[in-house]
>>> print(open('run-v7.txt').read())   # compact mmCIF, C-alpha atoms
# COMPACT_ATOMS: atom_id res chain seq x y z
CA MET A 139 -54.03 -138.95 -38.85
CA SER A 140 -51.93 -139.29 -41.98
CA ALA A 141 -52.90 -138.23 -45.52
CA PRO A 142 -54.77 -140.68 -47.78
CA LEU A 143 -52.55 -143.33 -49.32
CA THR A 144 -51.43 -143.22 -52.94
CA ALA A 145 -51.30 -146.31 -55.14
CA ASP A 146 -47.49 -146.35 -54.95
CA GLU A 147 -47.56 -146.22 -51.16
CA THR A 148 -49.99 -149.13 -51.08
CA LEU A 149 -47.68 -151.26 -53.22
CA ALA A 150 -44.77 -150.39 -50.97
CA THR A 151 -46.47 -151.76 -47.86
CA GLU A 152 -44.06 -153.54 -45.58
CA PRO A 153 -45.04 -157.19 -44.98
CA THR A 154 -44.60 -156.76 -41.24
CA GLN A 155 -46.96 -153.81 -40.94
CA ARG A 156 -50.11 -154.67 -38.98
CA PRO A 157 -53.38 -153.63 -40.63
CA THR A 158 -55.40 -150.96 -38.89
CA ARG A 159 -59.01 -151.83 -37.96
CA THR A 160 -60.89 -148.92 -39.41
CA ARG A 161 -63.23 -151.34 -41.18
CA HIS A 162 -64.30 -152.62 -37.77
CA VAL A 163 -65.11 -149.10 -36.59
CA VAL A 164 -67.22 -148.66 -39.72
CA LEU A 165 -69.02 -151.90 -38.88
CA TRP A 166 -69.75 -150.85 -35.30
CA MET A 167 -71.05 -147.48 -36.43
CA THR A 168 -73.37 -149.33 -38.81
CA VAL A 169 -74.51 -151.55 -35.93
CA LEU A 170 -75.38 -148.41 -33.99
CA ALA A 171 -77.35 -147.10 -36.97
CA TYR A 172 -79.37 -150.31 -37.12
CA LEU A 173 -80.02 -150.09 -33.39
CA ILE A 174 -81.35 -146.55 -33.77
CA THR A 175 -83.67 -147.50 -36.64
CA TYR A 176 -85.44 -150.05 -34.48
CA MET A 177 -85.47 -147.86 -31.40
CA ASP A 178 -87.31 -145.21 -33.37
CA ARG A 179 -89.75 -147.54 -35.08
CA VAL A 180 -90.89 -149.52 -32.01
CA VAL A 181 -91.55 -146.53 -29.77
CA ILE A 182 -95.10 -146.43 -31.12
CA SER A 183 -95.68 -150.12 -30.36
CA THR A 184 -95.15 -149.63 -26.64
CA ALA A 185 -97.00 -146.31 -26.70
CA ALA A 186 -99.99 -147.83 -28.54
CA PRO A 187 -102.16 -148.56 -25.47
CA SER A 188 -101.63 -145.00 -24.18
CA ILE A 189 -102.37 -143.53 -27.62
CA GLN A 190 -105.55 -145.60 -27.89
CA GLU A 191 -106.63 -144.47 -24.44
CA GLU A 192 -106.18 -140.78 -25.31
CA PHE A 193 -107.73 -140.83 -28.79
CA GLY A 194 -110.09 -143.80 -28.58
CA PHE A 195 -108.61 -145.50 -31.65
CA SER A 196 -109.94 -148.97 -32.49
CA LEU A 197 -107.71 -152.00 -33.07
CA VAL A 198 -108.21 -151.62 -36.84
CA THR A 199 -107.28 -147.91 -36.73
CA MET A 200 -104.06 -148.70 -34.87
CA GLY A 201 -103.34 -151.33 -37.50
CA TRP A 202 -103.50 -148.72 -40.25
CA ILE A 203 -101.31 -146.34 -38.26
CA PHE A 204 -98.73 -149.13 -38.01
CA ALA A 205 -99.19 -149.92 -41.70
CA SER A 206 -98.69 -146.31 -42.84
CA PHE A 207 -95.04 -146.58 -41.80
CA GLN A 208 -94.63 -149.97 -43.47
CA ILE A 209 -96.24 -148.82 -46.73
CA ALA A 210 -93.80 -145.91 -47.06
CA TYR A 211 -90.94 -148.12 -45.92
CA ALA A 212 -91.72 -150.58 -48.71
CA LEU A 213 -92.31 -147.97 -51.42
CA PHE A 214 -89.05 -146.10 -50.82
CA GLN A 215 -86.64 -149.03 -50.46
CA ILE A 216 -85.49 -148.88 -54.07
CA PRO A 217 -85.17 -145.07 -54.14
CA GLY A 218 -83.21 -145.35 -50.88
CA GLY A 219 -80.88 -147.98 -52.32
CA TRP A 220 -80.43 -145.85 -55.42
CA LEU A 221 -79.43 -142.87 -53.25
CA GLY A 222 -76.69 -144.93 -51.64
CA ASP A 223 -75.40 -146.30 -54.94
CA ARG A 224 -75.58 -142.95 -56.73
CA PHE A 225 -74.38 -140.45 -54.12
CA GLY A 226 -72.43 -142.65 -51.73
CA PRO A 227 -73.35 -143.87 -48.26
CA ARG A 228 -71.67 -140.98 -46.45
CA ARG A 229 -74.03 -138.30 -47.73
CA ALA A 230 -77.05 -140.49 -48.34
CA LEU A 231 -77.18 -142.14 -44.91
CA THR A 232 -76.60 -138.84 -43.13
CA GLY A 233 -79.52 -137.33 -45.01
CA VAL A 234 -82.03 -140.10 -44.39
CA VAL A 235 -81.22 -140.35 -40.67
CA LEU A 236 -81.82 -136.62 -40.23
CA TRP A 237 -85.08 -136.93 -42.18
CA TRP A 238 -86.53 -139.79 -40.16
CA SER A 239 -85.38 -138.27 -36.85
CA MET A 240 -87.35 -135.13 -37.68
CA PHE A 241 -90.53 -137.14 -38.25
CA THR A 242 -89.92 -139.30 -35.20
CA ALA A 243 -90.14 -136.12 -33.16
CA ALA A 244 -93.10 -134.90 -35.25
CA THR A 245 -95.15 -137.92 -34.11
CA ALA A 246 -95.35 -136.26 -30.70
CA LEU A 247 -97.18 -133.30 -32.28
CA THR A 248 -99.96 -135.34 -33.92
CA TRP A 249 -103.58 -134.78 -32.90
CA SER A 250 -105.62 -137.36 -34.83
CA ALA A 251 -105.44 -140.69 -36.64
CA GLY A 252 -104.92 -138.90 -39.96
CA SER A 253 -102.08 -136.71 -38.73
CA MET A 254 -100.42 -139.70 -37.10
CA MET A 255 -100.64 -141.71 -40.32
CA VAL A 256 -99.06 -138.87 -42.30
CA SER A 257 -96.25 -138.48 -39.77
CA ARG A 258 -95.56 -142.21 -39.71
CA PHE A 259 -95.61 -142.35 -43.53
CA LEU A 260 -92.99 -139.58 -43.77
CA PHE A 261 -90.96 -141.28 -41.06
CA GLY A 262 -91.07 -144.50 -43.10
CA MET A 263 -89.83 -142.67 -46.20
CA GLY A 264 -86.62 -141.82 -44.36
CA GLU A 265 -86.05 -145.17 -42.67
CA ALA A 266 -86.58 -146.95 -46.00
CA GLY A 267 -83.10 -145.94 -47.10
CA ALA A 268 -81.34 -147.09 -43.94
CA PHE A 269 -80.69 -150.79 -44.60
CA PRO A 270 -79.99 -150.57 -48.37
CA ILE A 271 -77.59 -147.65 -47.90
CA ALA A 272 -75.92 -149.26 -44.90
CA THR A 273 -75.52 -152.48 -46.88
CA ARG A 274 -73.87 -150.44 -49.65
CA SER A 275 -71.62 -148.81 -47.05
CA LEU A 276 -70.35 -152.23 -45.94
CA SER A 277 -69.90 -153.60 -49.47
CA ARG A 278 -66.59 -151.73 -49.91
CA TRP A 279 -65.36 -152.36 -46.36
CA THR A 280 -66.36 -155.92 -45.37
CA LEU A 281 -64.26 -158.91 -46.42
CA PRO A 282 -66.19 -161.84 -47.97
CA GLY A 283 -65.33 -164.14 -45.07
CA GLU A 284 -66.73 -161.63 -42.57
CA ARG A 285 -70.02 -160.82 -44.28
CA GLY A 286 -72.24 -163.28 -42.45
CA TRP A 287 -70.91 -162.12 -39.09
CA ALA A 288 -71.14 -158.46 -40.10
CA GLN A 289 -74.74 -158.74 -41.22
CA GLY A 290 -75.63 -160.83 -38.18
CA LEU A 291 -74.04 -158.22 -35.95
CA THR A 292 -75.83 -155.29 -37.60
CA HIS A 293 -79.20 -156.99 -37.36
CA ALA A 294 -78.44 -157.97 -33.79
CA GLY A 295 -78.06 -154.25 -33.19
CA ALA A 296 -81.48 -153.73 -34.75
CA ARG A 297 -83.09 -156.36 -32.55
CA LEU A 298 -81.28 -155.01 -29.50
CA GLY A 299 -82.79 -151.62 -30.26
CA GLY A 300 -86.20 -153.23 -30.51
CA ALA A 301 -85.61 -155.20 -27.32
CA ILE A 302 -84.41 -152.44 -24.99
CA THR A 303 -86.72 -149.70 -26.26
CA PRO A 304 -90.02 -150.96 -24.74
CA VAL A 305 -88.56 -150.84 -21.24
CA PHE A 306 -87.30 -147.26 -21.58
CA VAL A 307 -90.42 -146.10 -23.40
CA ALA A 308 -92.63 -147.53 -20.66
CA LEU A 309 -90.61 -145.68 -18.01
CA LEU A 310 -90.77 -142.41 -19.98
CA ILE A 311 -94.50 -142.76 -20.52
CA VAL A 312 -95.13 -143.34 -16.83
CA SER A 313 -93.12 -140.21 -15.95
CA PHE A 314 -93.81 -137.84 -18.85
CA GLY A 315 -96.60 -139.21 -21.05
CA TRP A 316 -96.50 -140.97 -24.43
CA ARG A 317 -95.19 -138.00 -26.46
CA MET A 318 -91.84 -137.58 -24.70
CA PRO A 319 -90.19 -140.82 -25.97
CA PHE A 320 -90.60 -139.74 -29.60
CA VAL A 321 -88.64 -136.53 -28.97
CA ALA A 322 -85.97 -138.23 -26.86
CA PHE A 323 -85.23 -140.96 -29.40
CA ALA A 324 -85.19 -138.48 -32.30
CA LEU A 325 -82.28 -136.63 -30.69
CA ILE A 326 -80.21 -139.83 -30.63
CA GLY A 327 -80.58 -140.12 -34.41
CA VAL A 328 -79.45 -136.54 -34.98
CA ALA A 329 -76.31 -137.14 -32.91
CA TRP A 330 -75.47 -140.31 -34.86
CA ALA A 331 -75.88 -138.53 -38.22
CA GLY A 332 -73.27 -135.94 -37.26
CA LEU A 333 -70.83 -138.62 -36.13
CA TRP A 334 -71.29 -140.67 -39.33
CA PHE A 335 -70.70 -137.73 -41.65
CA TRP A 336 -67.54 -136.81 -39.73
CA PHE A 337 -66.00 -140.31 -39.65
CA TYR A 338 -67.19 -142.41 -42.59
CA ARG A 339 -65.75 -142.39 -46.11
CA ASP A 340 -67.25 -144.12 -49.14
CA THR A 341 -64.12 -146.18 -49.84
CA PRO A 342 -61.22 -147.31 -47.62
CA ARG A 343 -58.76 -145.51 -49.92
CA GLU A 344 -60.35 -142.17 -48.99
CA HIS A 345 -60.07 -142.72 -45.23
CA ARG A 346 -57.16 -141.18 -43.38
CA SER A 347 -57.20 -143.82 -40.64
CA VAL A 348 -56.65 -146.76 -43.01
CA ASN A 349 -53.00 -147.73 -43.25
CA ALA A 350 -51.38 -149.40 -46.25
CA ALA A 351 -51.68 -152.90 -44.78
CA GLU A 352 -55.41 -152.65 -44.15
CA LEU A 353 -55.96 -151.10 -47.56
CA ALA A 354 -54.03 -153.93 -49.22
CA LEU A 355 -56.07 -156.47 -47.24
CA ILE A 356 -59.39 -154.98 -48.29
CA GLU A 357 -58.52 -154.22 -51.90
CA GLY A 358 -56.76 -157.56 -52.26
CA GLU A 359 -60.11 -159.30 -51.74
CA LEU A 360 -62.55 -156.69 -53.03
CA GLY A 361 -60.57 -154.68 -55.57
CA GLN A 362 -60.47 -150.91 -55.53
CA GLY A 363 -64.04 -150.44 -56.65
CA LYS A 364 -65.10 -147.61 -58.90
CA PRO A 365 -68.05 -145.27 -58.41
CA ARG A 366 -70.88 -146.11 -60.79
CA SER A 367 -73.30 -143.55 -62.16
CA SER A 368 -76.05 -145.98 -63.05
CA VAL A 369 -77.51 -149.25 -61.82
CA PRO A 370 -78.27 -151.96 -64.43
CA TRP A 371 -81.84 -152.36 -63.21
CA ARG A 372 -83.12 -154.21 -66.27
CA LYS A 373 -80.45 -156.88 -66.02
CA LEU A 374 -80.70 -157.21 -62.23
CA LEU A 375 -84.49 -157.47 -62.21
CA ALA A 376 -84.38 -160.15 -64.92
CA GLN A 377 -82.62 -162.54 -62.54
CA PRO A 378 -85.00 -165.13 -60.98
CA GLN A 379 -82.76 -165.54 -57.94
CA LEU A 380 -83.38 -161.93 -56.93
CA TRP A 381 -87.13 -162.57 -56.83
CA THR A 382 -86.74 -165.85 -54.94
CA LEU A 383 -84.64 -164.04 -52.34
CA SER A 384 -87.21 -161.26 -52.14
CA ALA A 385 -90.16 -163.65 -51.79
CA MET A 386 -88.36 -165.40 -48.94
CA TYR A 387 -87.81 -162.05 -47.25
CA PHE A 388 -91.50 -161.19 -47.69
CA CYS A 389 -92.29 -164.16 -45.45
CA TYR A 390 -89.61 -163.22 -42.92
CA ALA A 391 -90.61 -159.56 -42.67
CA TYR A 392 -94.30 -160.37 -42.21
CA CYS A 393 -93.33 -162.55 -39.25
CA ILE A 394 -90.87 -160.22 -37.53
CA ASN A 395 -93.16 -157.23 -37.92
CA ILE A 396 -95.79 -158.89 -35.73
CA PHE A 397 -93.27 -158.89 -32.89
CA LEU A 398 -92.23 -155.29 -33.55
CA THR A 399 -95.75 -153.84 -33.79
CA TRP A 400 -98.50 -156.09 -32.43
CA PHE A 401 -96.72 -158.18 -29.80
CA PRO A 402 -96.93 -155.60 -26.95
CA LYS A 403 -100.64 -155.22 -27.73
CA TYR A 404 -101.04 -159.01 -27.62
CA LEU A 405 -99.38 -159.15 -24.21
CA HIS A 406 -101.65 -156.37 -22.94
CA ASP A 407 -104.93 -157.72 -24.33
CA ALA A 408 -104.52 -161.50 -24.43
CA ARG A 409 -102.19 -162.00 -21.46
CA GLY A 410 -103.39 -159.12 -19.30
CA TYR A 411 -100.02 -157.52 -18.49
CA ASP A 412 -99.84 -153.94 -17.23
CA LEU A 413 -97.60 -151.35 -18.95
CA ALA A 414 -94.44 -152.18 -17.00
CA MET A 415 -94.73 -155.96 -17.41
CA MET A 416 -95.74 -155.55 -21.03
CA GLY A 417 -92.52 -153.65 -21.74
CA LEU A 418 -90.42 -156.30 -20.02
CA PHE A 419 -92.00 -159.33 -21.69
CA ALA A 420 -92.11 -157.66 -25.11
CA SER A 421 -88.34 -157.25 -24.84
CA MET A 422 -87.46 -160.84 -23.98
CA PRO A 423 -88.15 -162.53 -27.37
CA LEU A 424 -86.33 -159.71 -29.16
CA MET A 425 -83.33 -160.23 -26.88
CA ALA A 426 -83.37 -163.89 -27.89
CA GLY A 427 -83.46 -162.60 -31.46
CA VAL A 428 -80.24 -160.68 -30.82
CA VAL A 429 -78.55 -163.98 -29.96
CA GLY A 430 -80.03 -165.53 -33.08
CA ASP A 431 -78.67 -162.74 -35.26
CA LEU A 432 -75.17 -163.22 -33.93
CA ALA A 433 -75.33 -167.01 -34.05
CA GLY A 434 -76.70 -167.10 -37.60
CA GLY A 435 -74.05 -164.86 -39.13
CA TRP A 436 -71.23 -166.48 -37.15
CA SER A 437 -72.33 -170.02 -38.01
CA SER A 438 -72.63 -169.23 -41.71
CA ASP A 439 -69.15 -167.70 -41.87
CA ARG A 440 -67.70 -170.65 -39.95
CA LEU A 441 -69.16 -173.02 -42.52
CA VAL A 442 -67.62 -170.91 -45.30
CA LYS A 443 -64.20 -171.04 -43.66
CA ARG A 444 -64.49 -174.80 -43.23
CA GLY A 445 -65.04 -175.24 -46.94
CA ALA A 446 -68.81 -175.70 -47.11
CA GLY A 447 -69.10 -173.04 -49.81
CA LEU A 448 -71.34 -169.98 -49.83
CA LYS A 449 -74.30 -171.87 -51.26
CA MET A 450 -74.58 -174.40 -48.42
CA ALA A 451 -73.24 -172.13 -45.68
CA ARG A 452 -76.01 -169.59 -46.21
CA ARG A 453 -78.72 -172.12 -47.02
CA VAL A 454 -78.34 -174.55 -44.10
CA VAL A 455 -78.39 -171.91 -41.36
CA ALA A 456 -81.42 -170.10 -42.79
CA ILE A 457 -83.51 -173.24 -43.32
CA VAL A 458 -82.83 -174.50 -39.80
CA GLY A 459 -83.85 -171.11 -38.41
CA PHE A 460 -87.14 -170.98 -40.29
CA LEU A 461 -88.05 -174.51 -39.23
CA ILE A 462 -87.41 -173.70 -35.56
CA ALA A 463 -89.66 -170.66 -35.82
CA ALA A 464 -92.40 -172.60 -37.64
CA ALA A 465 -92.50 -175.18 -34.85
CA MET A 466 -92.30 -172.83 -31.86
CA ILE A 467 -94.62 -169.93 -32.77
CA PRO A 468 -97.93 -171.87 -32.66
CA LEU A 469 -96.75 -173.70 -29.56
CA ALA A 470 -96.04 -170.40 -27.80
CA ALA A 471 -99.41 -168.96 -28.76
CA SER A 472 -101.31 -172.02 -27.51
CA ILE A 473 -99.64 -172.42 -24.11
CA GLU A 474 -101.67 -170.89 -21.30
CA ALA A 475 -98.84 -170.60 -18.75
CA PRO A 476 -97.45 -167.07 -19.32
CA ILE A 477 -93.79 -167.76 -18.54
CA ALA A 478 -93.70 -170.93 -20.65
CA SER A 479 -95.34 -169.05 -23.51
CA ILE A 480 -92.76 -166.25 -23.39
CA LEU A 481 -89.92 -168.78 -23.33
CA CYS A 482 -91.33 -170.49 -26.42
CA PHE A 483 -91.63 -167.14 -28.15
CA CYS A 484 -87.97 -166.54 -27.26
CA VAL A 485 -86.94 -169.80 -28.97
CA ALA A 486 -89.11 -168.89 -31.96
CA LEU A 487 -87.47 -165.48 -32.33
CA PHE A 488 -84.04 -167.04 -31.93
CA GLY A 489 -84.82 -169.32 -34.88
CA LEU A 490 -86.37 -166.58 -36.98
CA GLU A 491 -83.37 -164.31 -36.43
CA LEU A 492 -80.88 -167.03 -37.36
CA THR A 493 -82.00 -166.27 -40.91
CA VAL A 494 -81.69 -162.51 -41.15
CA GLY A 495 -77.93 -162.00 -41.11
CA VAL A 496 -77.64 -164.79 -43.68
CA SER A 497 -80.27 -163.16 -45.91
CA TRP A 498 -78.48 -159.81 -45.93
CA ALA A 499 -75.10 -161.49 -46.40
CA VAL A 500 -76.57 -163.01 -49.57
CA THR A 501 -77.29 -159.51 -50.91
CA LEU A 502 -73.57 -158.76 -50.56
CA ASP A 503 -72.60 -162.14 -52.02
CA ILE A 504 -74.73 -161.81 -55.14
CA GLY A 505 -75.01 -158.01 -55.39
CA GLY A 506 -71.39 -156.87 -55.33
CA GLU A 507 -71.13 -153.19 -56.29
CA TYR A 508 -74.91 -153.09 -56.58
CA ALA A 509 -75.55 -154.56 -53.14
CA GLY A 510 -77.49 -151.46 -52.11
CA SER A 511 -79.92 -151.83 -54.98
CA VAL A 512 -80.20 -155.61 -54.62
CA SER A 513 -80.92 -155.30 -50.91
CA ALA A 514 -83.44 -152.57 -51.67
CA VAL A 515 -85.43 -154.90 -53.92
CA MET A 516 -85.35 -157.64 -51.28
CA ASN A 517 -86.36 -155.25 -48.54
CA THR A 518 -89.14 -153.77 -50.69
CA LEU A 519 -90.91 -157.09 -50.95
CA GLY A 520 -90.10 -157.76 -47.32
CA ASN A 521 -91.77 -154.60 -46.20
CA ILE A 522 -94.77 -155.16 -48.40
CA GLY A 523 -95.15 -158.25 -46.25
CA ALA A 524 -94.60 -156.19 -43.11
CA ALA A 525 -97.20 -153.63 -44.22
CA ILE A 526 -99.72 -156.39 -44.87
CA ALA A 527 -98.96 -157.86 -41.44
CA ALA A 528 -99.50 -154.50 -39.74
CA ALA A 529 -102.81 -153.86 -41.50
CA VAL A 530 -104.45 -157.29 -41.61
CA THR A 531 -103.55 -158.50 -38.13
CA GLY A 532 -106.16 -156.22 -36.59
CA TYR A 533 -108.79 -157.80 -38.84
CA ILE A 534 -107.56 -161.37 -38.16
CA VAL A 535 -107.57 -160.87 -34.40
CA SER A 536 -111.00 -159.23 -34.45
CA ALA A 537 -112.45 -162.09 -36.52
CA SER A 538 -110.59 -165.18 -35.30
CA GLY A 539 -108.41 -164.33 -32.29
CA TRP A 540 -104.70 -164.14 -31.63
CA PHE A 541 -103.87 -167.81 -32.28
CA ALA A 542 -105.01 -167.48 -35.89
CA ALA A 543 -102.73 -164.47 -36.35
CA PHE A 544 -99.73 -166.45 -35.06
CA ALA A 545 -100.63 -169.54 -37.12
CA VAL A 546 -100.13 -167.43 -40.26
CA LEU A 547 -96.52 -166.87 -39.18
CA ALA A 548 -95.83 -170.60 -38.90
CA VAL A 549 -97.06 -171.20 -42.44
CA LEU A 550 -94.96 -168.35 -43.81
CA CYS A 551 -91.83 -169.71 -42.09
CA LEU A 552 -92.34 -173.07 -43.82
CA ILE A 553 -92.70 -171.32 -47.18
CA ALA A 554 -89.53 -169.28 -46.52
CA ALA A 555 -87.56 -172.45 -45.72
CA ALA A 556 -88.68 -173.97 -49.03
CA LEU A 557 -87.71 -170.83 -50.95
CA PHE A 558 -84.21 -170.80 -49.45
CA LEU A 559 -83.61 -174.19 -51.07
CA ARG A 560 -83.52 -172.29 -54.38
CA ILE A 561 -81.11 -169.52 -53.30
CA ASP A 562 -77.46 -169.89 -54.36
CA ALA A 563 -75.23 -167.27 -52.70
CA SER A 564 -72.23 -168.40 -54.77
CA ARG A 565 -73.82 -167.14 -58.01
CA PRO A 566 -73.52 -163.34 -58.44
CA LEU A 567 -76.32 -161.55 -60.24
CA TYR A 568 -74.02 -159.33 -62.28
CA VAL A 569 -70.34 -159.94 -63.01
CA GLU A 570 -67.97 -157.70 -64.98
CA GLY A 571 -70.76 -155.97 -66.85
CA HIS A 572 -72.65 -159.16 -67.66
CA PRO A 573 -75.64 -160.75 -65.90
CA ALA A 574 -74.96 -164.03 -64.18
CA PRO A 575 -75.72 -167.17 -66.19
>>> encode(input="run-v7.txt", output="structure tokens")
Amino acid sequence: MSAPLTADETLATEPTQRPTRTRHVVLWMTVLAYLITYMDRVVISTAAPSIQEEFGFSLVTMGWIFASFQIAYALFQIPGGWLGDRFGPRRALTGVVLWWSMFTAATALTWSAGSMMVSRFLFGMGEAGAFPIATRSLSRWTLPGERGWAQGLTHAGARLGGAITPVFVALLIVSFGWRMPFVAFALIGVAWAGLWFWFYRDTPREHRSVNAAELALIEGELGQGKPRSSVPWRKLLAQPQLWTLSAMYFCYAYCINIFLTWFPKYLHDARGYDLAMMGLFASMPLMAGVVGDLAGGWSSDRLVKRGAGLKMARRVVAIVGFLIAAAMIPLAASIEAPIASILCFCVALFGLELTVGVSWAVTLDIGGEYAGSVSAVMNTLGNIGAAIAAAVTGYIVSASGWFAAFAVLAVLCLIAAALFLRIDASRPLYVEGHPAP
């Protein structure tokens, strides 16, 4: 690999030189990081029936174990985003992945509800930084016309992690017990952290694999970018659009968290599936979500390239997705035929996930150099919603049954669709040192 390029070498780029694709390697490494985050967080969902059997935990107790992760995940979003903006994604993301991998493994050593809650809380502290820091890592590498696809692809990786994990966890539990999967998946995170620190650089100009043509391509659209020592929190938080975006994501995160935490339990209790079938059917809607992630980001970017503008390109895809989910979730929960119900849940998750790549693309569109901090605020409110979902669902199911729990999701999807009507991705929050008008 050659030495980093100087400014003079960049200007002297030959027109015929083909750009390298280091930015695409960075994107795929970020996809892998997203996949690992969801692999680690959904292990406990598949293991929940085995954990309950060993310890005798009630449905409400399991809800608070789930919620302990979400509470920490919500509380530490902004500190995590600040880490990425202040110290750079290379060091910050390496550190948080090592942290959460340690506490993924530590879950296998727990002996009571209290110890499990503490372990899951500390695990959530680490994972809280993942998405904000990763978003910051892409902000200096991803071209504006590729942002929807990039965010759709990364979140597809997350859903793929959530989709494939139940099957492998079920197999590991059958062979080795419920503790083994936590250790096995922790080791994957440690390996990724080493690879990231070795390969990634905080700006394209620092990376030895970026040639002059690729650097000119990136900096021609994004500028060189300068490290910033402080985030203009007061000015960012004064922008109503940031709170509209965050309220929308509250609704989304409440909904998706049901499928990441409670859905295997629903299949076991309400549908009567054994461990193996539960793992399979819990994976299917999340696999449909993977397709939705890819389709949402791709469709939004296609609309941008066809001249629809960022405002409409982001808005149309997200609203359609939320409306599909709002229609299909109660239908899926009310159908008695198991296969038909799962298929409806698949369509619902496809619609719900059409929205997520678009939502995170908006944080890049309006956040710019502060995309990590903007996404942290959005994800904080989102994970407050997810924490509420984890905790209250046990109470809702105990009092009113599973259909009532799913009906809440349909209402929240309608609210999210209405909120997206007020989001304008073409209006940055902070431009050239001044808040957006």
>>> residues_near_point(input="run-v7.txt", point="(-94.8, -171.4, -28.0)", cutoff="12 Å", atoms="all atoms listed in the file", output="PyMOL selection string")
chain A and resi 423+462-487+541+544-545+548
>>> residues_near_point(input="run-v7.txt", point="(-69.7, -169.3, -50.3)", cutoff="12 Å", atoms="all atoms listed in the file", output="PDB file with C-alpha atoms, in the coordinates of the input")
ATOM      1  CA  PRO A 282     -66.190-161.840 -47.970  1.00  0.00           C
ATOM      2  CA  GLY A 283     -65.330-164.140 -45.070  1.00  0.00           C
ATOM      3  CA  GLU A 284     -66.730-161.630 -42.570  1.00  0.00           C
ATOM      4  CA  ARG A 285     -70.020-160.820 -44.280  1.00  0.00           C
ATOM      5  CA  GLY A 286     -72.240-163.280 -42.450  1.00  0.00           C
ATOM      6  CA  SER A 438     -72.630-169.230 -41.710  1.00  0.00           C
ATOM      7  CA  ASP A 439     -69.150-167.700 -41.870  1.00  0.00           C
ATOM      8  CA  ARG A 440     -67.700-170.650 -39.950  1.00  0.00           C
ATOM      9  CA  LEU A 441     -69.160-173.020 -42.520  1.00  0.00           C
ATOM     10  CA  VAL A 442     -67.620-170.910 -45.300  1.00  0.00           C
ATOM     11  CA  LYS A 443     -64.200-171.040 -43.660  1.00  0.00           C
ATOM     12  CA  ARG A 444     -64.490-174.800 -43.230  1.00  0.00           C
ATOM     13  CA  GLY A 445     -65.040-175.240 -46.940  1.00  0.00           C
ATOM     14  CA  ALA A 446     -68.810-175.700 -47.110  1.00  0.00           C
ATOM     15  CA  GLY A 447     -69.100-173.040 -49.810  1.00  0.00           C
ATOM     16  CA  LEU A 448     -71.340-169.980 -49.830  1.00  0.00           C
ATOM     17  CA  LYS A 449     -74.300-171.870 -51.260  1.00  0.00           C
ATOM     18  CA  MET A 450     -74.580-174.400 -48.420  1.00  0.00           C
ATOM     19  CA  ALA A 451     -73.240-172.130 -45.680  1.00  0.00           C
ATOM     20  CA  ARG A 452     -76.010-169.590 -46.210  1.00  0.00           C
ATOM     21  CA  ARG A 453     -78.720-172.120 -47.020  1.00  0.00           C
ATOM     22  CA  VAL A 454     -78.340-174.550 -44.100  1.00  0.00           C
ATOM     23  CA  VAL A 496     -77.640-164.790 -43.680  1.00  0.00           C
ATOM     24  CA  ALA A 499     -75.100-161.490 -46.400  1.00  0.00           C
ATOM     25  CA  VAL A 500     -76.570-163.010 -49.570  1.00  0.00           C
ATOM     26  CA  LEU A 502     -73.570-158.760 -50.560  1.00  0.00           C
ATOM     27  CA  ASP A 503     -72.600-162.140 -52.020  1.00  0.00           C
ATOM     28  CA  ILE A 504     -74.730-161.810 -55.140  1.00  0.00           C
ATOM     29  CA  ILE A 561     -81.110-169.520 -53.300  1.00  0.00           C
ATOM     30  CA  ASP A 562     -77.460-169.890 -54.360  1.00  0.00           C
ATOM     31  CA  ALA A 563     -75.230-167.270 -52.700  1.00  0.00           C
ATOM     32  CA  SER A 564     -72.230-168.400 -54.770  1.00  0.00           C
ATOM     33  CA  ARG A 565     -73.820-167.140 -58.010  1.00  0.00           C
ATOM     34  CA  PRO A 566     -73.520-163.340 -58.440  1.00  0.00           C
TER      35      PRO A 566
END
>>> atom_distance(input="run-v7.txt", atom1="CA of Arg372 in chain A", atom2="CA of Trp220 in chain A")
14.0 Å
>>> axis_aligned_box(input="run-v7.txt", around="range 383-401 of chain A", padding_each_side="8 Å", output="JSON")
{"center_x": -91.6, "center_y": -159.6, "center_z": -41.1, "size_x": 29.9, "size_y": 27.6, "size_z": 38.5}
>>> atom_distance(input="run-v7.txt", atom1="CA of Asn521 in chain A", atom2="CA of Gln289 in chain A")
18.2 Å
>>> closest_atom_pairs(input="run-v7.txt", of="range 286-364 of chain A", to="range 390-402 of chain A", cutoff="12 Å", atoms="only C-alpha atoms", output="CSV")
residue,atom,partner,partner_atom,distance
A:Ala296,CA,A:Leu398,CA,10.9
A:Arg297,CA,A:Leu398,CA,9.3
A:Leu298,CA,A:Leu398,CA,11.7
A:Gly299,CA,A:Leu398,CA,10.6
A:Gly300,CA,A:Leu398,CA,7.1
A:Ala301,CA,A:Leu398,CA,9.1
A:Ile302,CA,A:Leu398,CA,11.9
A:Thr303,CA,A:Leu398,CA,10.7
A:Pro304,CA,A:Pro402,CA,8.6
A:Val305,CA,A:Pro402,CA,11.2
A:Ala308,CA,A:Pro402,CA,11.1
>>> residues_around(input="run-v7.txt", residues="Leu461 in chain A", least_positions_apart="3", cutoff="8 Å", atoms="all atoms listed in the file", output="list in words")
Ile457, Val458, Ala464, Ala465, Gly489, Cys551, Leu552 and Ala555 of chain A
>>> residues_around(input="run-v7.txt", residues="Gln379 in chain A", least_positions_apart="2", cutoff="9 Å", atoms="all atoms listed in the file", output="ChimeraX atom specification")
/A:376-377,381-384,560-562,567
>>> residues_around(input="run-v7.txt", residues="Thr501 in chain A", least_positions_apart="3", cutoff="10 Å", atoms="all atoms listed in the file", output="list in words")
Pro270, Thr273, Arg274, Ser277, Arg285, Leu380, Leu383, Val496, Ser497, Trp498, Ile504, Gly505, Gly506, Tyr508, Ala509, Gly510, Ser511, Val512, Ser513, Ala514, Val515, Met516, Ala563, Pro566 and Leu567 of chain A
